[in-house]
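Down below is the structure, laid out as structure tokens.
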Amino acid sequence: MSKLGPISHFPFPVSCDSLVLQGLRCEWGAGVLNLVSSLSHFLILTGHWKFNMAPHGKELSEDLKKRIVALHKDGLGYKKIAKTLKLSCSTVAKTIQRFNWTGSTQNRPRHGRPKKLSARAQRHIQRLSLGNRRMSAASIAAEVEGVGGQPVSAQTIRRTLHQIGLHGCRPRRKPLLKMMHKKARKQFAEDKQTKDMDYWNHVLWSDETKINLFGSDGVKRVWRQPGEEYKDKCVLPTVKHGGGSVMVWGCMSAAGTGELQFIEGTMNANMYCDILKQSMIPSLRRLGRRAVFQHDNDPKHTSKTTIALLKKLRVKVMDWPSMSPDLNPIEHLWGILKRKLEECKVSNIHQLRDVVMEEWKRTVATCEALVNSMPKRVKAVLENDGGHTKY
């Protein structure tokens with residue numbers, strides 16, 4: 001029979017095997033032996049007595065345990081239940097006896113190995129991670145070991161951080177906002193928070209972007225199995241010098257996309273003025289007399305030449321806070337356009353231009369939904385006190 005470890009509840013160490021039971025039978029008699037046996041059985045079932053034995057087999061499901069108890073209540077014996085459910089008699093007996101002692105078929109919760117880190121060490125790890133969000137798990141482990149003298153693995157640090165709700169994530173890429181930028185963004189949001197959709201529907205949004213021949217500059221992911229990392233479908237092809245790209249200027253409103261113009265070479269203030277006269281003015285006139293033109297604070301947009309041209313053409317320009325691409329819905333339109341281009345197989349710049357122009361005309365339905373999000377964007381800036389938003 002397997003041995004049972006000593007119990008701290010008794011004033012003397014107690015163990016149980018066949019030799020001990022025989023000795024108790026001789027010295028104390030059957031009555032005392034039955035009492036000790038019943039007490040030890042209760043301690044075993046309730047989990048207060050620890051076994052020093054080999055691991056047991058697969059644990060019974062709760063449904064199966066309840067079936068055993070139900071059959072026993074119907075008057076079936078251990079052997080008949082075991083034969084019906086194809087279990088051993090000892091398994092049936094232990095399940096029923098546990099139910100008789102505890103009133104439940106569920107096992108007591110297992111405590112497992114004690115935690116290596118104390119509550120104080122866990123609080124220290126939390127302070128380190130919140131104080132420096134870019135601190136690696138290995139660095140935190142070295143810091144904890146240097147303070148407490150206890151060696152801790154990086155995996156233990158990660159597990160501890162996960163338990164308090166901190167997970168390692170790729171940081172969002174956002175423009176660097178200084179205090180002056182936050183104040184300007186907050187002022188813009190306060191001025192525009194009372195504007196209705198009729199105002200936003202008469203705004204012409206504009207921006208420039210670069211479109212690469214071989215996809216975006218961002219991080220890409222692929223689904224693959226082990227050993228497939230070098231298959232053609234699982235690699236990201238690269239070309240020397242980037243493979244080429246095109247710069248485009250575009251505009252949009254709630255009514256749809258406006259003109260799209262390709263930029264040859266490096267754009268300066270004079271070239272930007274030509275784009276305004278050739279592409280912006282026709283798109284702005286479609287919105288009527290209440291139309292408002294939006295562009296960011298790029299040096300070409302704020303040059304004396306550009307300001308003089310817009311004044312001459314009597315264009316109403318929206319005051320725009322710097323470092324605020326999240327407030328411009330056309331930024332999301334660029335992202336949608338580039339994702340669509342990735343699905344097209346393009347091999348040269350000329351094909352890229354044709355596909356860009358074709359896909360630009362197909363994004364008309366998306367523009368209204370993007371412009372309708374402006375009240376939410378303004379509200380998000382106010383809630384974050386001029387800071388970053390999810391847009």
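Each chain of the structure tokens is named A, B, ... in the order shown, its residues numbered from 1; ligands are numbered from 1 in display order.
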Exercise for the section: Show which residues sit within 10 Å of A:Lys73, as a ChimeraX atom specification. Count only C-alpha atoms, and ignore same-chain residues fewer than 5 positions away. Expected result: /A:67-68,96
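Take atom CA of A:Ala269 and atom CA of A:Lys300: the distance between them is 4.7 Å.
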Can you check which parts of stretch 226-291 of chain A lie within 6 Å of stretch 209-213 of chain A? Per residue, the shortest pair of atoms and distance in Å to one decimal, counting only C-alpha atoms, sorted by chain and number, as JSON lines.
```
{"residue": "A:Gly244", "atom": "CA", "partner": "A:Leu213", "partner_atom": "CA", "distance": 5.6}
{"residue": "A:Ser245", "atom": "CA", "partner": "A:Asn212", "partner_atom": "CA", "distance": 4.2}
{"residue": "A:Val246", "atom": "CA", "partner": "A:Ile211", "partner_atom": "CA", "distance": 5.4}
{"residue": "A:Met247", "atom": "CA", "partner": "A:Lys210", "partner_atom": "CA", "distance": 4.5}
{"residue": "A:Val248", "atom": "CA", "partner": "A:Thr209", "partner_atom": "CA", "distance": 5.7}
```
Closest contacts (stretch 93-151 of chain A/stretch 85-88 of chain A, max 12 Å, only C-alpha atoms) as CSV:
```
residue,atom,partner,partner_atom,distance
A:Ala93,CA,A:Ser88,CA,8.7
A:Lys94,CA,A:Ser88,CA,10.2
A:Thr95,CA,A:Ser88,CA,11.0
```
Practice task
Once DSSP has gone over the backbone, tell me which residues of stretch 219-327 of chain A are in strand (DSSP E or B), as a ChimeraX atom specification.
Solution key: /A:245-253,256-263,292-294,317
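Shortest atom-to-atom contact with A:Ala369 among A:Arg339, A:Lys233, A:Arg221, A:His332: A:His332, counting only C-alpha atoms.
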Problem - Pick from A:His301, A:Lys116, A:Arg172, A:Arg362 nearest to A:Leu333, counting only C-alpha atoms - result: A:Arg362
Practice task
With a distance cut-off of 8 Å and only C-alpha atoms, select the neighbouring residues of stretch 174-187 of chain A, excluding the residue or stretch itself and same-chain residues fewer than 3 positions from it, and output the selection as a PyMOL selection string.
Solution key: chain A and resi 190-191+321-324+381-382+385-388
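Closest approach to A:Ser253 among A:Asp274, A:His72, A:Leu161, A:Met374: A:Met374, based on only C-alpha atoms.
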Exercise for the section: Could you give me the residues within stretch 146-340 of chain A that DSSP places in helix (DSSP H, G or I), as JSON, numbers by chain? Expected result: {"A": [146, 147, 148, 154, 155, 156, 157, 158, 159, 160, 161, 162, 163, 179, 180, 181, 182, 183, 184, 185, 186, 187, 188, 189, 190, 191, 192, 197, 198, 199, 200, 232, 233, 234, 240, 241, 242, 243, 269, 270, 271, 272, 273, 274, 275, 276, 277, 278, 279, 280, 281, 282, 283, 284, 285, 304, 305, 306, 307, 308, 309, 310, 311, 312, 325, 326, 327, 330, 331, 332, 333, 334, 335, 336, 337, 338, 339, 340]}
Exercise for the section: Considering only C-alpha atoms, state which residue in the set A:Leu128, A:Ala308, A:Val356, A:Val222 is at the smallest distance from A:Leu337. Expected result: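 Looking at the shortest contact to A:Leu337, the residue is A:Val356.
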